$ cat query_26.pdb   # PDB, C-alpha atoms
ATOM      1  CA  MET A   1      -6.425  13.453  17.517
ATOM      2  CA  SER A   2      -6.549  12.903  21.275
ATOM      3  CA  ILE A   3      -6.332  15.696  23.839
ATOM      4  CA  GLU A   4      -3.489  13.792  25.473
ATOM      5  CA  ASN A   5      -1.457  14.000  22.260
ATOM      6  CA  ILE A   6      -2.010  17.753  22.025
ATOM      7  CA  ILE A   7      -0.947  18.328  25.639
ATOM      8  CA  THR A   8       2.128  16.077  25.684
ATOM      9  CA  ALA A   9       3.490  16.811  22.209
ATOM     10  CA  SER A  10       6.448  19.175  21.999
ATOM     11  CA  PRO A  11       5.595  22.545  20.391
ATOM     12  CA  ASN A  12       8.475  21.723  18.038
ATOM     13  CA  HIS A  13       6.847  18.419  17.012
ATOM     14  CA  ARG A  14       6.331  17.750  13.287
ATOM     15  CA  ALA A  15       3.584  15.535  11.856
ATOM     16  CA  GLY A  16       1.963  15.049   8.492
ATOM     17  CA  PHE A  17       0.554  12.808   5.796
ATOM     18  CA  VAL A  18       2.788  11.513   3.011
ATOM     19  CA  SER A  19       0.962  10.003   0.043
ATOM     20  CA  ILE A  20       2.774   7.510  -2.202
ATOM     21  CA  VAL A  21       1.228   7.500  -5.681
ATOM     22  CA  GLY A  22       2.117   6.313  -9.169
ATOM     23  CA  LYS A  23       1.294   3.789 -11.858
ATOM     24  CA  PRO A  24       1.165   0.036 -11.112
ATOM     25  CA  ASN A  25       4.396  -1.880 -10.573
ATOM     26  CA  VAL A  26       6.733   1.060 -10.010
ATOM     27  CA  GLY A  27       7.659  -0.064  -6.480
ATOM     28  CA  LYS A  28       5.296   1.994  -4.287
ATOM     29  CA  SER A  29       4.657  -0.824  -1.813
ATOM     30  CA  THR A  30       8.351  -1.720  -1.572
ATOM     31  CA  LEU A  31       9.150   1.924  -0.842
ATOM     32  CA  MET A  32       6.364   2.147   1.756
ATOM     33  CA  ASN A  33       7.692  -0.898   3.617
ATOM     34  CA  VAL A  34      11.269   0.434   3.538
ATOM     35  CA  LEU A  35      10.195   3.858   4.828
ATOM     36  CA  VAL A  36       8.099   2.405   7.668
ATOM     37  CA  GLY A  37      10.522  -0.415   8.475
ATOM     38  CA  GLU A  38       7.738  -3.021   8.509
ATOM     39  CA  LYS A  39       6.046  -5.117   5.830
ATOM     40  CA  LEU A  40       2.594  -3.554   5.775
ATOM     41  CA  SER A  41       1.921  -3.658   2.028
ATOM     42  CA  ILE A  42       1.903  -6.900   0.087
ATOM     43  CA  ILE A  43       4.358  -7.097  -2.787
ATOM     44  CA  THR A  44       4.250  -9.165  -5.978
ATOM     45  CA  SER A  45       5.577  -8.730  -9.503
ATOM     46  CA  LYS A  46       2.002  -8.416 -10.807
ATOM     47  CA  ALA A  47       0.402  -5.036 -11.390
ATOM     48  CA  GLN A  48      -2.568  -3.814  -9.302
ATOM     49  CA  THR A  49      -1.639  -5.861  -6.233
ATOM     50  CA  THR A  50      -2.526  -3.005  -3.858
ATOM     51  CA  ARG A  51      -6.274  -2.285  -3.691
ATOM     52  CA  HIS A  52      -6.657  -0.175  -0.548
ATOM     53  CA  ARG A  53      -5.064   2.906   0.914
ATOM     54  CA  ILE A  54      -2.759   1.469   3.573
ATOM     55  CA  MET A  55      -1.342   3.806   6.199
ATOM     56  CA  GLY A  56       1.981   3.164   7.882
ATOM     57  CA  ILE A  57       2.877   5.343  10.875
ATOM     58  CA  LEU A  58       6.488   6.159  11.687
ATOM     59  CA  ASN A  59       7.464   7.978  14.883
ATOM     60  CA  GLY A  60      10.961   9.127  15.696
ATOM     61  CA  THR A  61      13.435  11.951  16.139
ATOM     62  CA  HIS A  62      15.284  13.720  13.329
ATOM     63  CA  GLN A  63      17.935  16.310  14.139
ATOM     64  CA  ASP A  64      16.629  16.599  17.720
ATOM     65  CA  GLN A  65      13.086  17.122  16.476
ATOM     66  CA  GLU A  66      10.282  14.659  17.202
ATOM     67  CA  PHE A  67       8.088  13.647  14.279
ATOM     68  CA  GLN A  68       5.228  11.455  13.185
ATOM     69  CA  LEU A  69       5.001  10.503   9.506
ATOM     70  CA  ILE A  70       1.787   8.919   8.230
ATOM     71  CA  TYR A  71       2.633   7.241   4.933
ATOM     72  CA  SER A  72      -0.143   6.098   2.592
ATOM     73  CA  ASP A  73       0.493   3.345   0.066
ATOM     74  CA  THR A  74      -2.139   3.600  -2.679
ATOM     75  CA  PRO A  75      -3.323   1.510  -5.638
ATOM     76  CA  GLY A  76      -1.550   2.037  -8.947
ATOM     77  CA  ILE A  77      -3.184   4.699 -11.122
ATOM     78  CA  ILE A  78      -5.214   2.975 -13.867
ATOM     79  CA  LYS A  79      -8.208   3.594 -16.107
ATOM     80  CA  PRO A  80     -11.094   1.825 -14.302
ATOM     81  CA  LEU A  81     -12.704  -1.227 -15.906
ATOM     82  CA  TYR A  82     -14.803  -2.283 -12.896
ATOM     83  CA  LYS A  83     -16.574  -0.621  -9.964
ATOM     84  CA  LEU A  84     -13.703  -2.046  -7.888
ATOM     85  CA  HIS A  85     -11.215  -0.005  -9.922
ATOM     86  CA  GLU A  86     -13.304   3.139  -9.438
ATOM     87  CA  SER A  87     -13.144   2.645  -5.676
ATOM     88  CA  MET A  88      -9.393   2.017  -5.865
ATOM     89  CA  MET A  89      -8.932   5.324  -7.695
ATOM     90  CA  GLU A  90     -10.985   7.066  -4.989
ATOM     91  CA  PHE A  91      -8.323   5.951  -2.494
ATOM     92  CA  VAL A  92      -5.703   7.649  -4.676
ATOM     93  CA  HIS A  93      -7.692  10.878  -4.998
ATOM     94  CA  GLY A  94      -8.437  10.965  -1.277
ATOM     95  CA  SER A  95      -4.777  10.536  -0.392
ATOM     96  CA  LEU A  96      -3.809  13.442  -2.655
ATOM     97  CA  GLU A  97      -6.360  15.742  -1.052
ATOM     98  CA  ASP A  98      -5.059  15.434   2.516
ATOM     99  CA  ALA A  99      -1.332  15.017   1.779
ATOM    100  CA  ASP A 100       1.289  17.359   3.197
ATOM    101  CA  VAL A 101       3.846  15.650   0.947
ATOM    102  CA  VAL A 102       3.173  13.671  -2.238
ATOM    103  CA  LEU A 103       5.729  11.096  -3.375
ATOM    104  CA  PHE A 104       5.103  10.511  -7.064
ATOM    105  CA  VAL A 105       6.907   7.238  -7.740
ATOM    106  CA  THR A 106       7.981   6.424 -11.272
ATOM    107  CA  ASP A 107      10.556   3.920 -12.441
ATOM    108  CA  ILE A 108      13.616   4.693 -14.498
ATOM    109  CA  PHE A 109      12.200   3.328 -17.771
ATOM    110  CA  GLU A 110       8.620   4.552 -17.445
ATOM    111  CA  LYS A 111       7.160   7.109 -19.812
ATOM    112  CA  HIS A 112       4.197   9.240 -18.709
ATOM    113  CA  ASP A 113       1.769  10.395 -21.372
ATOM    114  CA  GLU A 114      -1.370  10.693 -19.210
ATOM    115  CA  GLN A 115      -1.891  14.450 -19.087
ATOM    116  CA  ASP A 116      -4.762  14.143 -16.591
ATOM    117  CA  VAL A 117      -2.479  12.446 -14.041
ATOM    118  CA  LEU A 118       0.216  15.086 -14.448
ATOM    119  CA  GLU A 119      -2.354  17.876 -14.130
ATOM    120  CA  LYS A 120      -3.753  16.354 -10.943
ATOM    121  CA  LEU A 121      -0.247  16.126  -9.483
ATOM    122  CA  SER A 122       0.546  19.723 -10.421
ATOM    123  CA  LYS A 123      -2.572  20.913  -8.558
ATOM    124  CA  THR A 124      -1.873  19.075  -5.300
ATOM    125  CA  GLU A 125      -1.436  21.438  -2.342
ATOM    126  CA  GLY A 126       1.202  19.259  -0.709
ATOM    127  CA  ALA A 127       4.882  19.410  -1.588
ATOM    128  CA  LEU A 128       5.455  17.217  -4.658
ATOM    129  CA  ILE A 129       8.552  15.003  -4.701
ATOM    130  CA  VAL A 130       9.264  12.928  -7.806
ATOM    131  CA  VAL A 131      10.853   9.610  -6.858
ATOM    132  CA  ILE A 132      12.668   7.828  -9.687
ATOM    133  CA  ASN A 133      12.829   4.187  -8.607
ATOM    134  CA  LYS A 134      14.779   1.146  -9.878
ATOM    135  CA  THR A 135      17.873   3.201 -10.691
ATOM    136  CA  ASP A 136      19.974   0.119  -9.936
ATOM    137  CA  LEU A 137      18.898  -1.097 -13.390
ATOM    138  CA  ALA A 138      20.182   2.009 -15.198
ATOM    139  CA  THR A 139      23.370   3.888 -16.017
ATOM    140  CA  GLU A 140      24.200   7.253 -14.470
ATOM    141  CA  GLU A 141      23.553   8.860 -17.856
ATOM    142  CA  GLN A 142      20.032   7.353 -17.986
ATOM    143  CA  VAL A 143      19.344   8.602 -14.452
ATOM    144  CA  GLN A 144      20.396  12.150 -15.361
ATOM    145  CA  GLU A 145      18.265  12.041 -18.522
ATOM    146  CA  LYS A 146      15.245  10.989 -16.474
ATOM    147  CA  ILE A 147      15.827  13.754 -13.921
ATOM    148  CA  ALA A 148      15.916  16.292 -16.773
ATOM    149  CA  PHE A 149      12.719  14.764 -18.220
ATOM    150  CA  TRP A 150      10.798  15.237 -14.960
ATOM    151  CA  LYS A 151      12.123  18.757 -14.458
ATOM    152  CA  GLU A 152      10.369  19.657 -17.697
ATOM    153  CA  LYS A 153       7.163  17.722 -16.943
ATOM    154  CA  LEU A 154       6.432  18.767 -13.362
ATOM    155  CA  PHE A 155       7.233  21.602 -10.974
ATOM    156  CA  ALA A 156       8.511  19.479  -8.097
ATOM    157  CA  ALA A 157       9.999  20.391  -4.724
ATOM    158  CA  ALA A 158      12.635  17.699  -5.339
ATOM    159  CA  ILE A 159      13.496  14.894  -7.745
ATOM    160  CA  VAL A 160      15.140  11.959  -6.007
ATOM    161  CA  PRO A 161      16.613   8.872  -7.734
ATOM    162  CA  ILE A 162      16.428   5.739  -5.556
ATOM    163  CA  SER A 163      16.456   1.963  -5.518
ATOM    164  CA  ALA A 164      13.802   0.969  -2.960
ATOM    165  CA  LEU A 165      14.717  -2.702  -3.342
ATOM    166  CA  ASN A 166      18.352  -2.019  -2.397
ATOM    167  CA  ASN A 167      17.585   0.839   0.023
ATOM    168  CA  VAL A 168      19.705   3.261  -2.001
ATOM    169  CA  GLY A 169      18.817   6.947  -1.901
ATOM    170  CA  VAL A 170      16.050   6.410   0.664
ATOM    171  CA  ASP A 171      17.869   8.418   3.370
ATOM    172  CA  THR A 172      18.124  11.354   0.964
ATOM    173  CA  LEU A 173      14.410  11.010   0.195
ATOM    174  CA  PHE A 174      13.602  10.947   3.923
ATOM    175  CA  GLY A 175      15.525  14.200   4.389
ATOM    176  CA  HIS A 176      13.443  15.887   1.674
ATOM    177  CA  ILE A 177      10.216  14.622   3.269
ATOM    178  CA  MET A 178      11.243  16.090   6.624
ATOM    179  CA  ASP A 179      11.976  19.451   4.950
ATOM    180  CA  TYR A 180       8.272  19.786   4.104
ATOM    181  CA  LEU A 181       6.708  18.223   7.202
ATOM    182  CA  PRO A 182       4.680  20.874   9.071
ATOM    183  CA  LEU A 183       4.791  21.632  12.781
ATOM    184  CA  HIS A 184       1.857  19.699  14.231
ATOM    185  CA  PRO A 185       1.032  17.443  17.196
ATOM    186  CA  PRO A 186       0.884  13.696  16.415
ATOM    187  CA  TYR A 187      -2.316  12.538  14.724
ATOM    188  CA  PHE A 188      -2.133   8.995  16.147
ATOM    189  CA  PRO A 189      -0.954   7.501  19.450
ATOM    190  CA  LYS A 190       2.798   6.990  19.348
ATOM    191  CA  ASP A 191       2.577   3.215  19.709
ATOM    192  CA  GLU A 192       0.382   2.727  16.626
ATOM    193  CA  LEU A 193       1.926   1.312  13.450
ATOM    194  CA  THR A 194      -1.066   1.502  11.103
ATOM    195  CA  ASP A 195      -4.726   2.473  10.897
ATOM    196  CA  LYS A 196      -5.740  -1.036   9.773
ATOM    197  CA  PRO A 197      -7.045  -3.830  12.033
ATOM    198  CA  GLU A 198      -5.224  -7.147  12.352
ATOM    199  CA  ARG A 199      -7.773  -9.041  10.266
ATOM    200  CA  PHE A 200      -7.036  -6.706   7.320
ATOM    201  CA  PHE A 201      -3.413  -7.864   7.283
ATOM    202  CA  ALA A 202      -4.437 -11.514   7.634
ATOM    203  CA  ALA A 203      -6.571 -11.140   4.499
ATOM    204  CA  GLU A 204      -3.791  -9.318   2.643
ATOM    205  CA  MET A 205      -1.264 -12.062   3.421
ATOM    206  CA  ILE A 206      -3.546 -14.681   1.894
ATOM    207  CA  ARG A 207      -4.220 -12.440  -1.102
ATOM    208  CA  GLU A 208      -0.486 -11.963  -1.629
ATOM    209  CA  LYS A 209       0.020 -15.743  -1.826
ATOM    210  CA  ILE A 210      -2.793 -15.961  -4.382
ATOM    211  CA  PHE A 211      -1.059 -13.344  -6.529
ATOM    212  CA  LEU A 212       2.233 -15.202  -6.224
ATOM    213  CA  ASN A 213       0.865 -18.661  -7.051
ATOM    214  CA  TYR A 214      -1.811 -18.162  -9.715
ATOM    215  CA  LYS A 215      -1.673 -16.750 -13.218
ATOM    216  CA  LYS A 216      -3.757 -14.684 -15.615
ATOM    217  CA  GLU A 217      -7.095 -13.361 -14.350
ATOM    218  CA  VAL A 218      -7.490 -15.564 -11.269
ATOM    219  CA  PRO A 219      -5.712 -13.288  -8.717
ATOM    220  CA  TYR A 220      -7.639 -10.242  -9.938
ATOM    221  CA  SER A 221     -10.960 -12.086  -9.602
ATOM    222  CA  THR A 222     -10.385 -13.025  -5.963
ATOM    223  CA  GLU A 223     -11.067 -11.263  -2.686
ATOM    224  CA  VAL A 224     -10.344 -12.515   0.818
ATOM    225  CA  LEU A 225     -12.786 -12.020   3.677
ATOM    226  CA  ILE A 226     -11.840 -12.854   7.274
ATOM    227  CA  GLU A 227     -14.966 -14.288   8.891
ATOM    228  CA  GLU A 228     -13.335 -15.063  12.228
ATOM    229  CA  PHE A 229     -10.270 -13.673  13.980
ATOM    230  CA  LYS A 230     -10.159 -15.031  17.506
ATOM    231  CA  GLU A 231      -7.108 -14.397  19.666
ATOM    232  CA  LYS A 232      -6.512 -17.024  22.337
ATOM    233  CA  LYS A 233      -3.789 -17.247  24.963
ATOM    234  CA  ASP A 234      -1.387 -19.314  22.859
ATOM    235  CA  MET A 235      -2.729 -18.941  19.326
ATOM    236  CA  ILE A 236      -4.882 -16.988  16.881
ATOM    237  CA  VAL A 237      -7.736 -18.793  15.130
ATOM    238  CA  ILE A 238      -8.534 -17.390  11.699
ATOM    239  CA  ARG A 239     -11.277 -18.447   9.294
ATOM    240  CA  ALA A 240     -10.914 -16.977   5.822
ATOM    241  CA  VAL A 241     -13.198 -17.096   2.808
ATOM    242  CA  ILE A 242     -11.659 -16.687  -0.623
ATOM    243  CA  LEU A 243     -14.207 -15.341  -3.083
ATOM    244  CA  VAL A 244     -13.940 -15.965  -6.823
ATOM    245  CA  GLU A 245     -16.209 -14.968  -9.695
ATOM    246  CA  ARG A 246     -16.600 -18.324 -11.490
ATOM    247  CA  SER A 247     -16.840 -22.005 -10.587
ATOM    248  CA  SER A 248     -13.839 -22.799 -12.783
ATOM    249  CA  GLN A 249     -11.762 -20.350 -10.714
ATOM    250  CA  ARG A 250     -12.853 -22.105  -7.534
ATOM    251  CA  GLY A 251     -11.399 -25.333  -8.890
ATOM    252  CA  ILE A 252      -8.135 -23.606  -9.798
ATOM    253  CA  ILE A 253      -7.782 -22.024  -6.344
ATOM    254  CA  ILE A 254      -8.414 -25.357  -4.581
ATOM    255  CA  GLY A 255      -6.247 -27.429  -6.939
ATOM    256  CA  ASP A 256      -5.996 -31.203  -7.239
ATOM    257  CA  LYS A 257      -7.174 -32.748  -3.943
ATOM    258  CA  GLY A 258      -6.863 -29.338  -2.288
ATOM    259  CA  ALA A 259      -3.106 -29.115  -2.894
ATOM    260  CA  MET A 260      -3.006 -25.487  -4.068
ATOM    261  CA  LEU A 261      -5.289 -24.215  -1.308
ATOM    262  CA  LYS A 262      -3.089 -25.961   1.234
ATOM    263  CA  LYS A 263       0.034 -24.451  -0.342
ATOM    264  CA  ILE A 264      -1.184 -20.841  -0.111
ATOM    265  CA  GLY A 265      -2.574 -21.446   3.377
ATOM    266  CA  THR A 266       0.740 -22.810   4.645
ATOM    267  CA  ALA A 267       2.694 -19.898   3.165
ATOM    268  CA  ALA A 268       0.234 -17.310   4.503
ATOM    269  CA  ARG A 269       0.275 -18.882   7.972
ATOM    270  CA  VAL A 270       4.071 -18.580   8.151
ATOM    271  CA  ASP A 271       3.823 -14.848   7.415
ATOM    272  CA  MET A 272       0.971 -14.400   9.875
ATOM    273  CA  GLU A 273       2.878 -16.070  12.709
ATOM    274  CA  GLN A 274       5.861 -13.816  12.067
ATOM    275  CA  PHE A 275       3.666 -10.696  11.856
ATOM    276  CA  PHE A 276       1.434 -11.424  14.861
ATOM    277  CA  GLY A 277       4.103 -13.148  16.979
ATOM    278  CA  LYS A 278       1.816 -16.094  17.769
ATOM    279  CA  LYS A 279       0.884 -19.518  16.455
ATOM    280  CA  VAL A 280      -1.906 -19.324  13.900
ATOM    281  CA  PHE A 281      -4.601 -21.881  13.110
ATOM    282  CA  LEU A 282      -5.907 -21.014   9.655
ATOM    283  CA  GLU A 283      -9.033 -22.378   7.984
ATOM    284  CA  GLN A 284      -9.772 -21.463   4.368
ATOM    285  CA  TYR A 285     -12.890 -21.860   2.246
ATOM    286  CA  VAL A 286     -13.520 -20.918  -1.373
ATOM    287  CA  LYS A 287     -16.878 -19.520  -2.501
ATOM    288  CA  VAL A 288     -18.213 -18.288  -5.828
ATOM    289  CA  GLU A 289     -19.573 -14.728  -5.894
ATOM    290  CA  PRO A 290     -20.337 -13.850  -9.552
ATOM    291  CA  GLU A 291     -19.301 -10.369 -10.725
ATOM    292  CA  TRP A 292     -18.380  -9.194  -7.217
ATOM    293  CA  ARG A 293     -16.065  -6.545  -8.701
ATOM    294  CA  ASN A 294     -19.106  -4.717 -10.087
ATOM    295  CA  LYS A 295     -21.471  -5.185  -7.112
ATOM    296  CA  ILE A 296     -21.588  -2.048  -4.996
ATOM    297  CA  GLN A 297     -22.998  -3.831  -1.935
ATOM    298  CA  LYS A 298     -20.221  -6.418  -2.035
ATOM    299  CA  LEU A 299     -17.576  -3.737  -2.471
ATOM    300  CA  LYS A 300     -18.960  -1.947   0.589
ATOM    301  CA  GLN A 301     -18.716  -5.212   2.536
ATOM    302  CA  PHE A 302     -15.059  -5.506   1.538
ATOM    303  CA  GLY A 303     -14.261  -1.931   2.575
ATOM    304  CA  TYR A 304     -14.146  -0.216  -0.817
ATOM    305  CA  GLU A 305     -17.042   2.186  -0.271
ATOM    306  CA  ASN A 306     -16.249   5.828  -1.172
ATOM    307  CA  GLY A 307     -12.527   5.222  -1.040
ATOM    308  CA  SER A 308     -12.714   4.163   2.612
ATOM    309  CA  SER A 309     -11.292   0.840   3.740
ATOM    310  CA  SER A 310     -12.625   0.870   7.284
TER     311      SER A 310
END

$ encode --input "query_26.pdb" --output "structure tokens"
Amino acid sequence: MSIENIITASPNHRAGFVSIVGKPNVGKSTLMNVLVGEKLSIITSKAQTTRHRIMGILNGTHQDQEFQLIYSDTPGIIKPLYKLHESMMEFVHGSLEDADVVLFVTDIFEKHDEQDVLEKLSKTEGALIVVINKTDLATEEQVQEKIAFWKEKLFAAAIVPISALNNVGVDTLFGHIMDYLPLHPPYFPKDELTDKPERFFAAEMIREKIFLNYKKEVPYSTEVLIEEFKEKKDMIVIRAVILVERSSQRGIIIGDKGAMLKKIGTAARVDMEQFFGKKVFLEQYVKVEPEWRNKIQKLKQFGYENGSSS
């Protein structure tokens, strides 16, 4: 926190960390993007799309009170199969430890039997809000049944039914978040949107297109590394390396005469130009890195060390 922030912030200013947690595919990333008003987290229909803790910073005024909300989108809670998964779960645990408010996102049809997850949530020091997502797919009776279910399972500050996709109930959720946001100077400069560098988002946009265009294990076996991010006057030059675990996966990523690689590159470039507000020249290469998901040194290189994605 800068001295300037402390001096200039109103004594009535509120600021805090809001952690968004839950199992894979319940709509955490969609909710994060709706709350922040920007697409910071990649979204696909496949589980385990999010691998890092991604912070989105929202500044504003609510009922004549200035605030700064630092939202954290986190990986879906899973039982780890690889060192990569262990690091992903460290992001989740870290976000719970420093949260002023925890949004536990579940969908309307999900059943929770993992007692360890529920125990961890019950011990969090931040205010716990249960968010029941995808209510647009359910009847009012089903929604009420699910609210009653969570009242029995967890001692929560609030239980809020929403549809993140349709932006229904999100204003009510925001009001509950503000109820538990402590008085505090801003943690980040007011013009910052996220704690991540631009090259992180470039890599994520390519990774999103891989998840959208490939099936089975291929998306989960890939990682994207930005080797060059050079901003020029009229364009940004980006060189990206897509890592896979096996030679056969390299062939699948590239496709016949490079058609698939070109397809994901074109789609990613469109998103990048919209996000960065500049023309983008994108080069992509595909390399084989066997078992990278279990190599600690490689995971450190990709920003997964100790739950830190710096």

$ closest_residue --input "query_26.pdb" --among "A:Ile54, A:Val21, A:Ala138, A:Met89" --to "Leu121 (chain A)" --atoms "all atoms listed in the file"
A:Val21

$ closest_residue --input "query_26.pdb" --among "A:Thr49, A:Asn294, A:Asn59, A:Gln65" --to "Asn12 (chain A)" --atoms "all atoms listed in the file"
A:Gln65

$ atom_distance --input "query_26.pdb" --atom1 "CA of Ser163 (chain A)" --atom2 "CA of Asp107 (chain A)"
9.3 Å

$ resolve_selection --input "query_26.pdb" --expression "the PyMOL selection byres ((chain A and resi 75) around 10)" --output "PyMOL selection string"
chain A and resi 20-25+28-29+47-54+72-74+76-78+85+87-92

$ write_last_selection --input "query_26.pdb" --atoms "C-alpha atoms" --output "CSV table (one decimal), keeping the file's coordinate frame"
chain,number,residue,atom,x,y,z
A,20,ILE,CA,2.8,7.5,-2.2
A,21,VAL,CA,1.2,7.5,-5.7
A,22,GLY,CA,2.1,6.3,-9.2
A,23,LYS,CA,1.3,3.8,-11.9
A,24,PRO,CA,1.2,0.0,-11.1
A,25,ASN,CA,4.4,-1.9,-10.6
A,28,LYS,CA,5.3,2.0,-4.3
A,29,SER,CA,4.7,-0.8,-1.8
A,47,ALA,CA,0.4,-5.0,-11.4
A,48,GLN,CA,-2.6,-3.8,-9.3
A,49,THR,CA,-1.6,-5.9,-6.2
A,50,THR,CA,-2.5,-3.0,-3.9
A,51,ARG,CA,-6.3,-2.3,-3.7
A,52,HIS,CA,-6.7,-0.2,-0.5
A,53,ARG,CA,-5.1,2.9,0.9
A,54,ILE,CA,-2.8,1.5,3.6
A,72,SER,CA,-0.1,6.1,2.6
A,73,ASP,CA,0.5,3.3,0.1
A,74,THR,CA,-2.1,3.6,-2.7
A,76,GLY,CA,-1.6,2.0,-8.9
A,77,ILE,CA,-3.2,4.7,-11.1
A,78,ILE,CA,-5.2,3.0,-13.9
A,85,HIS,CA,-11.2,0.0,-9.9
A,87,SER,CA,-13.1,2.6,-5.7
A,88,MET,CA,-9.4,2.0,-5.9
A,89,MET,CA,-8.9,5.3,-7.7
A,90,GLU,CA,-11.0,7.1,-5.0
A,91,PHE,CA,-8.3,6.0,-2.5
A,92,VAL,CA,-5.7,7.6,-4.7

$ atom_distance --input "query_26.pdb" --atom1 "CA of Gln297 (chain A)" --atom2 "CA of Ser95 (chain A)"
23.3 Å

$ resolve_selection --input "query_26.pdb" --expression "the PyMOL selection byres ((chain A and resi 184) around 8)" --output "PyMOL selection string"
chain A and resi 11-16+182-183+185-186

$ resolve_selection --input "query_26.pdb" --expression "the PyMOL selection byres ((chain A and resi 191) around 10)" --output "PDB file with C-alpha atoms, keeping the file's coordinate frame"
ATOM      1  CA  ILE A  57       2.877   5.343  10.875  1.00  0.00           C
ATOM      2  CA  LEU A  58       6.488   6.159  11.687  1.00  0.00           C
ATOM      3  CA  ASN A  59       7.464   7.978  14.883  1.00  0.00           C
ATOM      4  CA  PHE A 188      -2.133   8.995  16.147  1.00  0.00           C
ATOM      5  CA  PRO A 189      -0.954   7.501  19.450  1.00  0.00           C
ATOM      6  CA  LYS A 190       2.798   6.990  19.348  1.00  0.00           C
ATOM      7  CA  GLU A 192       0.382   2.727  16.626  1.00  0.00           C
ATOM      8  CA  LEU A 193       1.926   1.312  13.450  1.00  0.00           C
ATOM      9  CA  THR A 194      -1.066   1.502  11.103  1.00  0.00           C
TER      10      THR A 194
END

$ residues_around --input "query_26.pdb" --residues "Thr30 (chain A)" --least-positions-apart "6" --cutoff "12 Å" --atoms "all atoms listed in the file" --output "PyMOL selection string"
chain A and resi 20+36-45+49-50+73-74+105+133-134+162-167+170

$ atom_distance --input "query_26.pdb" --atom1 "CA of Val102 (chain A)" --atom2 "CA of Ser122 (chain A)"
10.5 Å

$ residues_around --input "query_26.pdb" --residues "Ile70 (chain A)" --least-positions-apart "3" --cutoff "6 Å" --atoms "only C-alpha atoms" --output "ChimeraX atom specification"
/A:17-18,56-57

$ axis_aligned_box --input "query_26.pdb" --around "region 23-27 of chain A" --padding-each-side "3 Å" --output "JSON"
{"center_x": 4.4, "center_y": 1.0, "center_z": -9.2, "size_x": 12.5, "size_y": 11.7, "size_z": 11.4}

$ residues_around --input "query_26.pdb" --residues "Lys153 (chain A)" --least-positions-apart "6" --cutoff "12 Å" --atoms "only C-alpha atoms" --output "MDAnalysis selection string"
chainID A and resid 111:115 117:119 121:122 130 146:147 159

$ closest_residue --input "query_26.pdb" --among "A:Ser19, A:Leu243, A:Lys209, A:Ile296" --to "His93 (chain A)" --atoms "all atoms listed in the file"
A:Ser19

$ closest_residue --input "query_26.pdb" --among "A:Asp179, A:Glu245, A:Glu227, A:Asp234" --to "Glu283 (chain A)" --atoms "only C-alpha atoms"
A:Glu227

$ residues_around --input "query_26.pdb" --residues "region 219-226 of chain A" --least-positions-apart "4" --cutoff "10 Å" --atoms "all atoms listed in the file" --output "short mmCIF file (atom, residue, chain, number, x, y, z; two decimals) with C-alpha atoms, in the frame of the given file"
data_model
loop_
_atom_site.label_atom_id
_atom_site.label_comp_id
_atom_site.auth_asym_id
_atom_site.auth_seq_id
_atom_site.Cartn_x
_atom_site.Cartn_y
_atom_site.Cartn_z
CA LYS A 46 2.00 -8.42 -10.81
CA ALA A 47 0.40 -5.04 -11.39
CA GLN A 48 -2.57 -3.81 -9.30
CA THR A 49 -1.64 -5.86 -6.23
CA ARG A 199 -7.77 -9.04 10.27
CA PHE A 200 -7.04 -6.71 7.32
CA PHE A 201 -3.41 -7.86 7.28
CA ALA A 202 -4.44 -11.51 7.63
CA ALA A 203 -6.57 -11.14 4.50
CA GLU A 204 -3.79 -9.32 2.64
CA MET A 205 -1.26 -12.06 3.42
CA ILE A 206 -3.55 -14.68 1.89
CA ARG A 207 -4.22 -12.44 -1.10
CA GLU A 208 -0.49 -11.96 -1.63
CA LYS A 209 0.02 -15.74 -1.83
CA ILE A 210 -2.79 -15.96 -4.38
CA PHE A 211 -1.06 -13.34 -6.53
CA LEU A 212 2.23 -15.20 -6.22
CA ASN A 213 0.86 -18.66 -7.05
CA TYR A 214 -1.81 -18.16 -9.72
CA LYS A 215 -1.67 -16.75 -13.22
CA ILE A 238 -8.53 -17.39 11.70
CA ARG A 239 -11.28 -18.45 9.29
CA ALA A 240 -10.91 -16.98 5.82
CA VAL A 241 -13.20 -17.10 2.81
CA ILE A 242 -11.66 -16.69 -0.62
CA LEU A 243 -14.21 -15.34 -3.08
CA VAL A 244 -13.94 -15.96 -6.82
CA GLU A 245 -16.21 -14.97 -9.70
CA ARG A 246 -16.60 -18.32 -11.49
CA GLN A 249 -11.76 -20.35 -10.71
CA ARG A 250 -12.85 -22.10 -7.53
CA ILE A 253 -7.78 -22.02 -6.34
CA GLU A 283 -9.03 -22.38 7.98
CA GLN A 284 -9.77 -21.46 4.37
CA TYR A 285 -12.89 -21.86 2.25
CA VAL A 286 -13.52 -20.92 -1.37
CA LYS A 287 -16.88 -19.52 -2.50
CA VAL A 288 -18.21 -18.29 -5.83
CA GLU A 289 -19.57 -14.73 -5.89
CA PRO A 290 -20.34 -13.85 -9.55
CA GLU A 291 -19.30 -10.37 -10.72
CA TRP A 292 -18.38 -9.19 -7.22
CA ARG A 293 -16.07 -6.54 -8.70
CA LEU A 299 -17.58 -3.74 -2.47
CA GLN A 301 -18.72 -5.21 2.54
CA PHE A 302 -15.06 -5.51 1.54
#

$ closest_residue --input "query_26.pdb" --among "A:Ala157, A:Met272, A:Val168, A:Ala148" --to "Leu35 (chain A)" --atoms "all atoms listed in the file"
A:Val168
